[in-house]
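Have a look at the structure below before the remarks.
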Amino acid sequence: MSRREREQEKSGERNKQHETELQDEEQFRQLLGVHLEKWDSGIEPGIPTDEAMMALVRGHKQETRERFRRELLLFWLVSIFVLSGMFLLWMNSVVLFAVVQAIAVAVGVIVAGGLAIAKKHQGEGRRHRWSGGK
Amino acid sequence: MVGWKIAVVIGAVIVLFCQSSWLFTDAKKHSRYPWFWGLWGMIQFPLPLIFYLLIVRVGWSDMKIRKGI
């Protein structure tokens, strides 16, 4: 048998094999295709559409904005009380007002210093955790 | 005499209100304690603003670490 004939025989066999595989695949799909699709749809969650994702993001942004506005209004309400209290204190007794201011400075500086130290320690901790302490 | 006192009070109220509102709003994005900064900013000026900028925004303590101090 010449080389050409051998090559033709091999390609013929390959074609037959390919056809058999296609037939097997078709049979498999006919027998189990519907059941497999049902099973897949039961396991896999539906992929949300772009519109659904954008609506989700928009809704979340709106909710966050409204929550922030409510908190800001509450803050302004509290601020009005604080300012009124400070004003009345100033009108009644300047000395007491000065004492309260001094205490507020001391407390503020101590708390702010504590925050700075806490932030410094957090920063060091973060570096050690993620960068091997470098 | 009374007129300039009223003007000073109104000016102080405006300044403190603006400072505290800005501190509260900004601290909401960059800090865990917006109420602390907002209320301190409501009582005094300009110390809370200076401390906030140094500690939260500029990260003075982080700068010291980076410089190896």
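By convention in this document, the chains of the structure tokens carry letters A, B, ... by their order, each chain's residues are numbered from 1, and ligands are numbered from 1 in the order they are shown.
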Practice prompt. Would you list the contacts of Asp26 in chain B as a VMD selection string, taking every protein, DNA or RNA residue within 10 Å and counting only C-alpha atoms, but skipping same-chain residues closer than 2 positions in sequence?
Written response: chain B and resid 20 to 24 28 to 31 34 37 to 38 52 56 to 57
Worksheet item: Could you write out as a PyMOL selection string the residues of chain B within 10 Å of chain A, counting only C-alpha atoms?
Response: chain B and resi 9+13+16-17+20-21+24-25+28+31-44+47-48+51-52+54-56+59-65
Let me see the file: selected residues, N, CA, C and O atoms, as a CSV table (one decimal), in the first residue's frame.
chain,number,residue,atom,x,y,z
B,9,VAL,N,-21.8,87.5,67.2
B,9,VAL,CA,-22.5,86.2,67.5
B,9,VAL,C,-23.0,85.5,66.2
B,9,VAL,O,-22.8,84.3,66.0
B,13,VAL,N,-21.7,82.0,64.8
B,13,VAL,CA,-22.7,80.9,64.6
B,13,VAL,C,-22.5,80.3,63.2
B,13,VAL,O,-22.5,79.1,63.0
B,16,LEU,N,-19.1,78.4,62.9
B,16,LEU,CA,-19.2,77.1,63.6
B,16,LEU,C,-20.1,76.1,62.9
B,16,LEU,O,-19.7,75.0,62.8
B,17,PHE,N,-21.2,76.6,62.4
B,17,PHE,CA,-22.1,75.7,61.7
B,17,PHE,C,-21.5,75.2,60.4
B,17,PHE,O,-21.6,74.0,60.2
B,20,SER,N,-18.6,72.7,61.4
B,20,SER,CA,-19.1,71.4,61.9
B,20,SER,C,-19.8,70.6,60.8
B,20,SER,O,-19.6,69.4,60.7
B,21,SER,N,-20.5,71.3,59.9
B,21,SER,CA,-21.2,70.6,58.8
B,21,SER,C,-20.1,69.9,57.9
B,21,SER,O,-20.3,68.8,57.5
B,24,PHE,N,-18.4,67.0,59.7
B,24,PHE,CA,-19.3,65.9,59.8
B,24,PHE,C,-19.4,65.1,58.5
B,24,PHE,O,-19.2,63.9,58.4
B,25,THR,N,-19.6,65.9,57.4
B,25,THR,CA,-19.8,65.3,56.1
B,25,THR,C,-18.5,64.7,55.6
B,25,THR,O,-18.5,63.6,55.1
B,28,LYS,N,-17.6,61.5,57.6
B,28,LYS,CA,-18.4,60.4,57.2
B,28,LYS,C,-17.7,59.5,56.1
B,28,LYS,O,-17.8,58.3,56.1
B,31,SER,N,-13.5,59.0,58.1
B,31,SER,CA,-13.2,58.7,59.5
B,31,SER,C,-14.3,57.8,60.0
B,31,SER,O,-15.4,57.8,59.5
B,32,ARG,N,-14.0,57.2,61.2
B,32,ARG,CA,-15.0,56.3,61.8
B,32,ARG,C,-15.8,57.1,62.9
B,32,ARG,O,-16.8,56.6,63.4
B,33,TYR,N,-15.4,58.4,63.1
B,33,TYR,CA,-16.0,59.1,64.2
B,33,TYR,C,-16.6,60.5,63.7
B,33,TYR,O,-16.1,61.5,64.2
B,34,PRO,N,-17.5,60.5,62.8
B,34,PRO,CA,-18.0,61.8,62.3
B,34,PRO,C,-18.7,62.6,63.3
B,34,PRO,O,-18.6,63.9,63.3
B,35,TRP,N,-19.4,62.0,64.3
B,35,TRP,CA,-20.1,62.7,65.3
B,35,TRP,C,-19.1,63.5,66.2
B,35,TRP,O,-19.4,64.6,66.6
B,36,PHE,N,-18.0,62.8,66.5
B,36,PHE,CA,-17.0,63.4,67.4
B,36,PHE,C,-16.5,64.7,66.7
B,36,PHE,O,-16.5,65.8,67.3
B,37,TRP,N,-16.1,64.6,65.5
B,37,TRP,CA,-15.5,65.7,64.8
B,37,TRP,C,-16.5,66.8,64.6
B,37,TRP,O,-16.2,68.0,64.7
B,38,GLY,N,-17.8,66.4,64.2
B,38,GLY,CA,-18.8,67.4,64.0
B,38,GLY,C,-19.2,68.2,65.3
B,38,GLY,O,-19.3,69.4,65.3
B,39,LEU,N,-19.3,67.5,66.4
B,39,LEU,CA,-19.6,68.2,67.6
B,39,LEU,C,-18.5,69.0,68.2
B,39,LEU,O,-18.7,70.1,68.7
B,40,TRP,N,-17.3,68.5,68.0
B,40,TRP,CA,-16.1,69.3,68.5
B,40,TRP,C,-16.0,70.6,67.6
B,40,TRP,O,-15.8,71.7,68.1
B,41,GLY,N,-16.3,70.4,66.3
B,41,GLY,CA,-16.3,71.5,65.4
B,41,GLY,C,-17.4,72.5,65.6
B,41,GLY,O,-17.3,73.7,65.2
B,42,MET,N,-18.4,72.1,66.3
B,42,MET,CA,-19.6,73.0,66.7
B,42,MET,C,-19.2,73.8,67.9
B,42,MET,O,-19.7,74.9,68.0
B,43,ILE,N,-18.3,73.4,68.7
B,43,ILE,CA,-18.0,74.1,69.9
B,43,ILE,C,-16.8,75.1,69.7
B,43,ILE,O,-16.8,76.1,70.3
B,44,GLN,N,-15.9,74.7,68.9
B,44,GLN,CA,-14.6,75.5,68.8
B,44,GLN,C,-14.2,75.7,67.4
B,44,GLN,O,-14.6,75.0,66.5
B,47,LEU,N,-9.4,74.9,66.1
B,47,LEU,CA,-8.6,73.7,66.5
B,47,LEU,C,-9.1,72.3,66.0
B,47,LEU,O,-8.3,71.5,65.5
B,48,PRO,N,-10.4,72.1,66.0
B,48,PRO,CA,-10.9,70.8,65.5
B,48,PRO,C,-10.6,70.6,64.0
B,48,PRO,O,-10.2,69.5,63.6
B,51,PHE,N,-6.8,69.8,63.7
B,51,PHE,CA,-6.5,68.4,64.1
B,51,PHE,C,-7.1,67.4,63.1
B,51,PHE,O,-6.4,66.4,62.8
B,52,TYR,N,-8.3,67.7,62.6
B,52,TYR,CA,-8.9,66.8,61.6
B,52,TYR,C,-8.0,66.7,60.4
B,52,TYR,O,-7.8,65.6,59.9
B,54,LEU,N,-4.9,67.3,60.1
B,54,LEU,CA,-3.6,66.6,60.4
B,54,LEU,C,-3.7,65.1,60.6
B,54,LEU,O,-2.9,64.4,60.1
B,55,ILE,N,-4.8,64.7,61.3
B,55,ILE,CA,-4.9,63.3,61.7
B,55,ILE,C,-5.6,62.5,60.6
B,55,ILE,O,-5.1,61.4,60.2
B,56,VAL,N,-6.7,63.0,60.1
B,56,VAL,CA,-7.5,62.2,59.2
B,56,VAL,C,-7.1,62.4,57.8
B,56,VAL,O,-6.9,61.4,57.0
B,59,GLY,N,-2.8,62.6,57.5
B,59,GLY,CA,-2.2,61.3,58.1
B,59,GLY,C,-0.8,61.6,58.6
B,59,GLY,O,0.1,61.0,58.2
B,60,TRP,N,-0.8,62.5,59.5
B,60,TRP,CA,0.5,62.9,60.1
B,60,TRP,C,1.2,61.8,60.7
B,60,TRP,O,2.4,61.6,60.6
B,61,SER,N,0.5,60.9,61.4
B,61,SER,CA,1.1,59.7,62.1
B,61,SER,C,1.6,58.8,61.0
B,61,SER,O,2.6,58.1,61.2
B,62,ASP,N,0.9,58.6,59.9
B,62,ASP,CA,1.4,57.8,58.8
B,62,ASP,C,2.6,58.3,58.2
B,62,ASP,O,3.5,57.5,57.8
B,63,MET,N,2.7,59.7,58.0
B,63,MET,CA,3.9,60.3,57.4
B,63,MET,C,5.1,60.0,58.3
B,63,MET,O,6.2,59.7,57.7
B,64,LYS,N,4.9,60.0,59.6
B,64,LYS,CA,6.0,59.7,60.5
B,64,LYS,C,6.5,58.3,60.3
B,64,LYS,O,7.7,58.0,60.3
B,65,ILE,N,5.6,57.4,60.1
B,65,ILE,CA,6.0,56.0,59.9
B,65,ILE,C,6.7,55.9,58.6
B,65,ILE,O,7.8,55.2,58.5
Worksheet item: So how far away is CA of Leu88 in chain A from CA of Gly3 in chain B, in Å?
Response: 18.1 Å
Worksheet item: So how many Å separate CA of Val99 in chain A and CA of Gly85 in chain A, to one decimal?
Response: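 Spanning CA of Val99 in chain A to CA of Gly85 in chain A is a straight-line distance of 14.1 Å.
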Fill in: Residue list (alpha helix (DSSP H), DSSP) for chain B, as a ChimeraX atom specification
/B:2-30,34-43,47-52,60-67
